[in-house]
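Colleague: Handing you this structure, nothing more for now.
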Amino acid sequence: MQTKQAPVVFHIPHSSLFIPKEVLGQFCISEDDLEAEKLLMTDWYTNELFDFSHVIGQSLEFPVSRLVVDPERFENDDAEVMSKVGMGVIYTRRANGAQLRRKIEAAEREKLIELYYRPHHKKFSKLVKTALLESGNCLVLDCHSFPDQSLPYELDQSVGRPDICIGTDSFHTPKSLSDGLTKAFSQSGFSVKVNSPFSGAIVPMEFYGRENRVSSVMVEINRKLYMDESTGKKRPDFNLVLKRIQKGILSVIEGYAS
Ligand SMILES: [Zn+2]
């Protein structure tokens, strides 16, 4: 029986370095320290590493820095474990635990969420919904990168981080998908871990835990592979690494049908 290939949505939440002028005043650290924080927290170049626009799928890139608003967090702090370390949807603390933002009023918080968080999630839902209507299924690839050394705020402080971490969700990630990616990346010479140091995979809230035709998997790339983490500059072999990563992903998602 012929199965139809799932349309792919590449979700790229943490690639932007942009902080709008009107938000700058909320940060209570120096310009240099803000740059240093962006260096640590941005998933640098993931908009290039996961750019498959010439081949397959659609991308959804968050337009501002995660230091403005983090679209990968739950909107409600009570549901968001990272809010305990000042890194809920609106960060109040730096990666090292120091203060990042002055205290913001409820109206300022609402404005940030209304301006950046909700429109992004609306677009995300729409892309997935359209895929479901047109093809009957959808695959979300949640695209990230991570520092080679753990940052103090991270929940998993274990050493020996892999080249690539695959994050899964018990409801939305078919085993064939995480196994396929693990195998493809391993064959390309990368070390791979599943759900370590990061776990989970994003799905629009309206489908989360209830629509099994939406599959999702997270791919996290170790930044040491493609950039100088102390400067933010690409490594000279950036394009080669990009090709190896894309080849691994394509070999799995091109054949993927749910
Ligand atoms: Zn990320």
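Each chain in the structure tokens gets a letter, A, B and so on, in the order shown; residues start at 1 in every chain, and ligands are counted from 1 in the order they appear.
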Using only C-alpha atoms, determine which residues lie at most 10 Å from A:Cys28, disregarding the query and same-chain residues fewer than 6 positions distant; provide the list as a PDB file with all heavy atoms, in the first residue's frame.

Modeller:
ATOM      1  N   LEU A  34      25.393  41.642  27.844  1.00  0.00           N
ATOM      2  CA  LEU A  34      24.259  41.175  27.039  1.00  0.00           C
ATOM      3  C   LEU A  34      24.767  40.419  25.805  1.00  0.00           C
ATOM      4  O   LEU A  34      24.237  39.364  25.434  1.00  0.00           O
ATOM      5  CB  LEU A  34      23.385  42.364  26.619  1.00  0.00           C
ATOM      6  CG  LEU A  34      22.013  42.034  26.035  1.00  0.00           C
ATOM      7  CD1 LEU A  34      21.156  41.196  26.990  1.00  0.00           C
ATOM      8  CD2 LEU A  34      21.255  43.306  25.656  1.00  0.00           C
ATOM      9  N   THR A  92      14.360  36.036  33.442  1.00  0.00           N
ATOM     10  CA  THR A  92      14.728  37.058  34.430  1.00  0.00           C
ATOM     11  C   THR A  92      16.172  36.866  34.891  1.00  0.00           C
ATOM     12  O   THR A  92      16.763  37.750  35.485  1.00  0.00           O
ATOM     13  CB  THR A  92      13.802  36.982  35.659  1.00  0.00           C
ATOM     14  OG1 THR A  92      13.860  35.649  36.185  1.00  0.00           O
ATOM     15  CG2 THR A  92      12.359  37.309  35.287  1.00  0.00           C
ATOM     16  N   GLN A  99      21.151  38.149  37.778  1.00  0.00           N
ATOM     17  CA  GLN A  99      19.958  38.829  37.263  1.00  0.00           C
ATOM     18  C   GLN A  99      20.175  39.321  35.833  1.00  0.00           C
ATOM     19  O   GLN A  99      21.231  39.837  35.490  1.00  0.00           O
ATOM     20  CB  GLN A  99      19.603  40.003  38.173  1.00  0.00           C
ATOM     21  CG  GLN A  99      18.135  40.365  38.050  1.00  0.00           C
ATOM     22  CD  GLN A  99      17.734  41.520  38.949  1.00  0.00           C
ATOM     23  OE1 GLN A  99      18.443  41.836  39.898  1.00  0.00           O
ATOM     24  NE2 GLN A  99      16.609  42.134  38.643  1.00  0.00           N
ATOM     25  N   LEU A 100      19.155  39.152  35.003  1.00  0.00           N
ATOM     26  CA  LEU A 100      19.227  39.570  33.598  1.00  0.00           C
ATOM     27  C   LEU A 100      18.342  40.791  33.341  1.00  0.00           C
ATOM     28  O   LEU A 100      18.724  41.715  32.627  1.00  0.00           O
ATOM     29  CB  LEU A 100      18.750  38.428  32.694  1.00  0.00           C
ATOM     30  CG  LEU A 100      18.595  38.732  31.196  1.00  0.00           C
ATOM     31  CD1 LEU A 100      19.964  38.880  30.534  1.00  0.00           C
ATOM     32  CD2 LEU A 100      17.797  37.629  30.495  1.00  0.00           C
ATOM     33  N   ARG A 101      17.140  40.764  33.936  1.00  0.00           N
ATOM     34  CA  ARG A 101      16.129  41.794  33.661  1.00  0.00           C
ATOM     35  C   ARG A 101      15.734  42.489  34.936  1.00  0.00           C
ATOM     36  O   ARG A 101      15.684  41.872  35.991  1.00  0.00           O
ATOM     37  CB  ARG A 101      14.866  41.086  33.144  1.00  0.00           C
ATOM     38  CG  ARG A 101      14.491  41.335  31.714  1.00  0.00           C
ATOM     39  CD  ARG A 101      13.104  40.745  31.451  1.00  0.00           C
ATOM     40  NE  ARG A 101      12.725  40.883  30.064  1.00  0.00           N
ATOM     41  CZ  ARG A 101      12.954  39.959  29.127  1.00  0.00           C
ATOM     42  NH1 ARG A 101      13.531  38.834  29.440  1.00  0.00           N
ATOM     43  NH2 ARG A 101      12.581  40.188  27.879  1.00  0.00           N
ATOM     44  N   ARG A 102      15.357  43.761  34.789  1.00  0.00           N
ATOM     45  CA  ARG A 102      14.702  44.427  35.914  1.00  0.00           C
ATOM     46  C   ARG A 102      13.321  43.804  36.082  1.00  0.00           C
ATOM     47  O   ARG A 102      12.854  43.088  35.187  1.00  0.00           O
ATOM     48  CB  ARG A 102      14.611  45.933  35.654  1.00  0.00           C
ATOM     49  CG  ARG A 102      13.718  46.284  34.473  1.00  0.00           C
ATOM     50  CD  ARG A 102      13.362  47.748  34.455  1.00  0.00           C
ATOM     51  NE  ARG A 102      12.742  48.150  33.195  1.00  0.00           N
ATOM     52  CZ  ARG A 102      11.496  47.888  32.841  1.00  0.00           C
ATOM     53  NH1 ARG A 102      10.697  47.184  33.631  1.00  0.00           N
ATOM     54  NH2 ARG A 102      11.018  48.302  31.671  1.00  0.00           N
ATOM     55  N   LYS A 103      12.683  44.095  37.182  1.00  0.00           N
ATOM     56  CA  LYS A 103      11.337  43.558  37.388  1.00  0.00           C
ATOM     57  C   LYS A 103      10.397  44.178  36.348  1.00  0.00           C
ATOM     58  O   LYS A 103      10.403  45.382  36.155  1.00  0.00           O
ATOM     59  CB  LYS A 103      10.871  43.927  38.804  1.00  0.00           C
ATOM     60  CG  LYS A 103       9.654  43.151  39.239  1.00  0.00           C
ATOM     61  CD  LYS A 103       9.372  43.345  40.715  1.00  0.00           C
ATOM     62  CE  LYS A 103       8.013  42.839  41.139  1.00  0.00           C
ATOM     63  NZ  LYS A 103       7.249  42.036  40.212  1.00  0.00           N
TER      64      LYS A 103
END

Colleague: Neighbouring residues of stretch 15-27 of chain A were defined as those with any atom within 9 Å, considering only C-alpha atoms; residues of the same chain fewer than 4 positions away were excluded. Please report them as an MDAnalysis selection string.

Modeller: chainID A and resid 34 38:39 42:47 61:68 92 99:104 112 144:145

Colleague: Give me the residues within 7 Å of stretch 196-202 of chain A as number ranges by chain, counting only C-alpha atoms and dropping any in the same chain fewer than 3 places off.

Modeller: A: 142, 156, 165, 167-169, 193, 216-218

Colleague: Produce a file of the selected residues containing N, CA and C atoms, as a tab-separated table (two decimals), in the first residue's frame.

Modeller:
chain	number	residue	atom	x	y	z
A	142	ASP	N	12.19	19.79	15.49
A	142	ASP	CA	12.48	20.89	16.40
A	142	ASP	C	14.01	21.08	16.40
A	156	ASP	N	20.55	19.09	33.20
A	156	ASP	CA	21.46	17.96	33.04
A	156	ASP	C	22.89	18.47	33.01
A	165	CYS	N	22.26	15.41	19.95
A	165	CYS	CA	21.29	14.89	20.91
A	165	CYS	C	19.93	14.87	20.23
A	167	GLY	N	15.93	14.52	20.87
A	167	GLY	CA	14.92	14.60	21.93
A	167	GLY	C	13.62	13.98	21.45
A	168	THR	N	13.00	13.21	22.32
A	168	THR	CA	11.77	12.54	21.93
A	168	THR	C	10.63	12.85	22.89
A	169	ASP	N	9.43	12.63	22.42
A	169	ASP	CA	8.23	12.76	23.25
A	169	ASP	C	7.54	11.40	23.23
A	193	LYS	N	23.28	10.82	21.38
A	193	LYS	CA	22.55	10.37	22.57
A	193	LYS	C	21.08	10.76	22.40
A	216	SER	N	6.76	14.36	16.08
A	216	SER	CA	7.75	15.41	16.35
A	216	SER	C	9.01	14.79	16.91
A	217	VAL	N	10.14	15.38	16.57
A	217	VAL	CA	11.42	14.94	17.13
A	217	VAL	C	12.32	16.17	17.22
A	218	MET	N	13.16	16.22	18.23
A	218	MET	CA	14.09	17.34	18.38
A	218	MET	C	15.49	16.89	17.96

Colleague: Taking only C-alpha atoms into account, which of A:Glu110, A:Glu105, A:Glu75, A:Glu254 comes nearest A:Ile56?

Modeller: A:Glu254

Colleague: Atom CA of A:Glu48 to atom CA of A:Ser125: how many Å, to one decimal?

Modeller: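 According to the coordinates, atom CA of A:Glu48 and atom CA of A:Ser125 are separated by 22.8 Å.
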
Colleague: Would you return as an NGL selection string the members of stretch 19-239 of chain A that DSSP assigns to strand (DSSP E or B) on this structure's backbone?

Modeller: :A and (27 or 58-61 or 87 or 91 or 93 or 99 or 101 or 138-146 or 164-167 or 192-194 or 214-222 or 227-228 or 233-234)

Colleague: Just to be explicit: take each residue in the selection above, keep N, CA, C and O atoms, and write the result as a compact mmCIF listing (two decimals), in the first residue's frame.

Modeller:
# COMPACT_ATOMS: atom_id res chain seq x y z
N PHE A 27 16.73 45.05 30.27
CA PHE A 27 17.87 44.27 30.75
C PHE A 27 18.71 45.13 31.70
O PHE A 27 18.99 46.29 31.41
N GLN A 58 8.78 23.20 5.27
CA GLN A 58 8.67 24.63 5.53
C GLN A 58 9.33 24.95 6.86
O GLN A 58 9.28 24.14 7.79
N SER A 59 9.93 26.15 6.94
CA SER A 59 10.60 26.54 8.18
C SER A 59 9.78 27.57 8.93
O SER A 59 9.15 28.42 8.32
N LEU A 60 9.85 27.48 10.23
CA LEU A 60 9.27 28.52 11.08
C LEU A 60 10.35 28.97 12.04
O LEU A 60 10.73 28.25 12.98
N GLU A 61 10.86 30.18 11.77
CA GLU A 61 11.97 30.69 12.58
C GLU A 61 11.45 31.80 13.49
O GLU A 61 10.77 32.71 13.01
N MET A 87 14.06 31.16 33.96
CA MET A 87 14.12 31.00 32.50
C MET A 87 12.84 30.39 31.96
O MET A 87 12.85 29.43 31.20
N TYR A 91 12.78 35.47 30.34
CA TYR A 91 13.93 35.22 31.23
C TYR A 91 14.14 36.39 32.19
O TYR A 91 14.13 37.55 31.79
N ARG A 93 16.72 35.69 34.61
CA ARG A 93 18.09 35.38 35.06
C ARG A 93 18.99 34.99 33.90
O ARG A 93 18.52 34.54 32.86
N GLN A 99 21.15 38.15 37.78
CA GLN A 99 19.96 38.83 37.26
C GLN A 99 20.17 39.32 35.83
O GLN A 99 21.23 39.84 35.49
N ARG A 101 17.14 40.76 33.94
CA ARG A 101 16.13 41.79 33.66
C ARG A 101 15.73 42.49 34.94
O ARG A 101 15.68 41.87 35.99
N CYS A 138 1.70 15.06 9.74
CA CYS A 138 2.70 16.13 9.75
C CYS A 138 3.88 15.69 10.62
O CYS A 138 3.70 15.03 11.64
N LEU A 139 5.07 16.07 10.17
CA LEU A 139 6.26 15.80 10.97
C LEU A 139 6.90 17.13 11.36
O LEU A 139 7.16 17.98 10.51
N VAL A 140 7.10 17.31 12.67
CA VAL A 140 7.78 18.51 13.15
C VAL A 140 9.21 18.15 13.52
O VAL A 140 9.45 17.18 14.24
N LEU A 141 10.15 18.92 12.99
CA LEU A 141 11.55 18.76 13.40
C LEU A 141 11.92 19.99 14.21
O LEU A 141 11.90 21.11 13.69
N ASP A 142 12.19 19.79 15.49
CA ASP A 142 12.48 20.89 16.40
C ASP A 142 14.01 21.08 16.40
O ASP A 142 14.74 20.19 16.84
N CYS A 143 14.47 22.25 15.90
CA CYS A 143 15.87 22.40 15.51
C CYS A 143 16.67 23.30 16.48
O CYS A 143 16.39 24.49 16.58
N HIS A 144 17.66 22.71 17.13
CA HIS A 144 18.43 23.43 18.15
C HIS A 144 19.93 23.14 18.05
O HIS A 144 20.35 22.24 17.33
N SER A 145 20.69 23.91 18.86
CA SER A 145 22.08 23.54 19.10
C SER A 145 22.40 23.82 20.56
O SER A 145 21.64 24.52 21.25
N PHE A 146 23.51 23.27 21.04
CA PHE A 146 23.83 23.41 22.48
C PHE A 146 25.34 23.56 22.68
O PHE A 146 26.14 23.10 21.87
N ILE A 164 25.52 15.00 18.76
CA ILE A 164 24.13 15.28 18.44
C ILE A 164 23.23 14.63 19.50
O ILE A 164 23.45 13.48 19.91
N CYS A 165 22.26 15.41 19.95
CA CYS A 165 21.29 14.89 20.91
C CYS A 165 19.93 14.87 20.23
O CYS A 165 19.53 15.85 19.60
N ILE A 166 19.24 13.75 20.36
CA ILE A 166 17.89 13.63 19.79
C ILE A 166 16.89 13.62 20.94
O ILE A 166 17.03 12.83 21.88
N GLY A 167 15.93 14.52 20.87
CA GLY A 167 14.92 14.60 21.93
C GLY A 167 13.62 13.98 21.45
O GLY A 167 13.21 14.19 20.30
N VAL A 192 26.01 10.14 19.22
CA VAL A 192 24.60 10.50 19.39
C VAL A 192 24.08 10.00 20.73
O VAL A 192 24.42 8.90 21.16
N LYS A 193 23.28 10.82 21.38
CA LYS A 193 22.55 10.37 22.57
C LYS A 193 21.08 10.76 22.40
O LYS A 193 20.77 11.77 21.78
N VAL A 194 20.21 9.94 22.97
CA VAL A 194 18.78 10.25 22.92
C VAL A 194 18.34 10.77 24.29
O VAL A 194 18.65 10.16 25.33
N VAL A 214 0.33 13.85 14.31
CA VAL A 214 1.43 14.83 14.38
C VAL A 214 2.62 14.16 15.07
O VAL A 214 2.56 13.80 16.24
N SER A 215 3.69 13.96 14.30
CA SER A 215 4.91 13.40 14.87
C SER A 215 5.91 14.53 15.10
O SER A 215 5.88 15.54 14.39
N SER A 216 6.76 14.36 16.08
CA SER A 216 7.75 15.41 16.35
C SER A 216 9.01 14.79 16.91
O SER A 216 8.97 13.78 17.63
N VAL A 217 10.14 15.38 16.57
CA VAL A 217 11.42 14.94 17.13
C VAL A 217 12.32 16.17 17.22
O VAL A 217 12.20 17.09 16.40
N MET A 218 13.16 16.22 18.23
CA MET A 218 14.09 17.34 18.38
C MET A 218 15.49 16.89 17.96
O MET A 218 15.92 15.77 18.29
N VAL A 219 16.17 17.77 17.21
CA VAL A 219 17.57 17.50 16.88
C VAL A 219 18.39 18.66 17.44
O VAL A 219 18.14 19.82 17.11
N GLU A 220 19.34 18.35 18.30
CA GLU A 220 20.23 19.34 18.93
C GLU A 220 21.66 19.06 18.49
O GLU A 220 22.16 17.96 18.69
N ILE A 221 22.30 20.07 17.91
CA ILE A 221 23.67 19.90 17.42
C ILE A 221 24.66 20.55 18.39
O ILE A 221 24.47 21.70 18.78
N ASN A 222 25.70 19.83 18.73
CA ASN A 222 26.76 20.39 19.59
C ASN A 222 27.49 21.50 18.82
O ASN A 222 28.00 21.29 17.72
N MET A 227 31.22 25.79 15.10
CA MET A 227 31.58 27.19 15.39
C MET A 227 32.61 27.28 16.51
O MET A 227 32.84 26.32 17.24
N ASP A 228 33.22 28.46 16.59
CA ASP A 228 34.09 28.77 17.73
C ASP A 228 33.18 29.35 18.81
O ASP A 228 32.67 30.46 18.66
N LYS A 233 32.06 32.77 15.79
CA LYS A 233 32.42 32.64 14.36
C LYS A 233 32.27 31.19 13.89
O LYS A 233 32.52 30.25 14.63
N LYS A 234 31.89 31.08 12.60
CA LYS A 234 31.78 29.73 12.02
C LYS A 234 33.16 29.10 11.91
O LYS A 234 34.15 29.79 11.67

Colleague: Going by DSSP on the backbone, which bits of stretch 4-244 of chain A are helix (DSSP H, G or I)? Write them as a PyMOL selection string, please.

Modeller: chain A and resi 21-24+31-41+46-49+77-79+81-85+106-135+175-187+205-207+223-225+238-244

Colleague: What's the separation between atom CA of A:Asp32 and atom CA of A:Asp70, in Å to one decimal place?

Modeller: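 If I compute the distance from atom CA of A:Asp32 to atom CA of A:Asp70, I get 21.2 Å.
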
Colleague: Identify, on the basis of only C-alpha atoms, every residue whose closest approach to A:Val69 does not exceed 7 Å; exclude the query and any residue fewer than 6 positions from it along the same chain; express the result as a list of chain:residue names.

Modeller: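 With the cut-off at 7 Å, the set is A:Val89, A:Ile90, A:Leu112, A:Tyr117.
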
Colleague: Please provide as a count of residues only all residues within 10 Å of A:Val85, with the sequence filter that same-chain residues fewer than 5 positions apart are discarded (counting only C-alpha atoms).

Modeller: 11

Colleague: Could you tell me how far atom CA of A:His14 lies from atom CA of A:Leu40, in Å and to one decimal?

Modeller: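 Separation of atom CA of A:His14 and atom CA of A:Leu40: 11.4 Å.
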
Colleague: Using only C-alpha atoms and all ligand atoms, which residue out of A:Glu37, A:Glu72, A:Asp51, A:Glu211 lies closest to ligand 1?

Modeller: A:Glu72

Colleague: Using only C-alpha atoms, which protein or nucleic acid residues come within 8 Å of A:Asp148? Drop anything in the same chain fewer than 5 positions from it, and give the result as a PyMOL selection string.

Modeller: chain A and resi 161+222-224

Colleague: When you look at A:Ile245 with a cut-off of 12 Å (counting only C-alpha atoms), what residues show up, excluding the ones that are within fewer than 2 positions of it in the same chain? I need them as a count of residues only.

Modeller: 36

Colleague: May I ask which of the residues A:Ala107, A:Ala36, A:Met41, A:Val8 is the closest one to ligand 1, counting only C-alpha atoms and all ligand atoms?

Modeller: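 Ranking A:Ala107, A:Ala36, A:Met41, A:Val8 by distance to ligand 1, first place goes to A:Met41.
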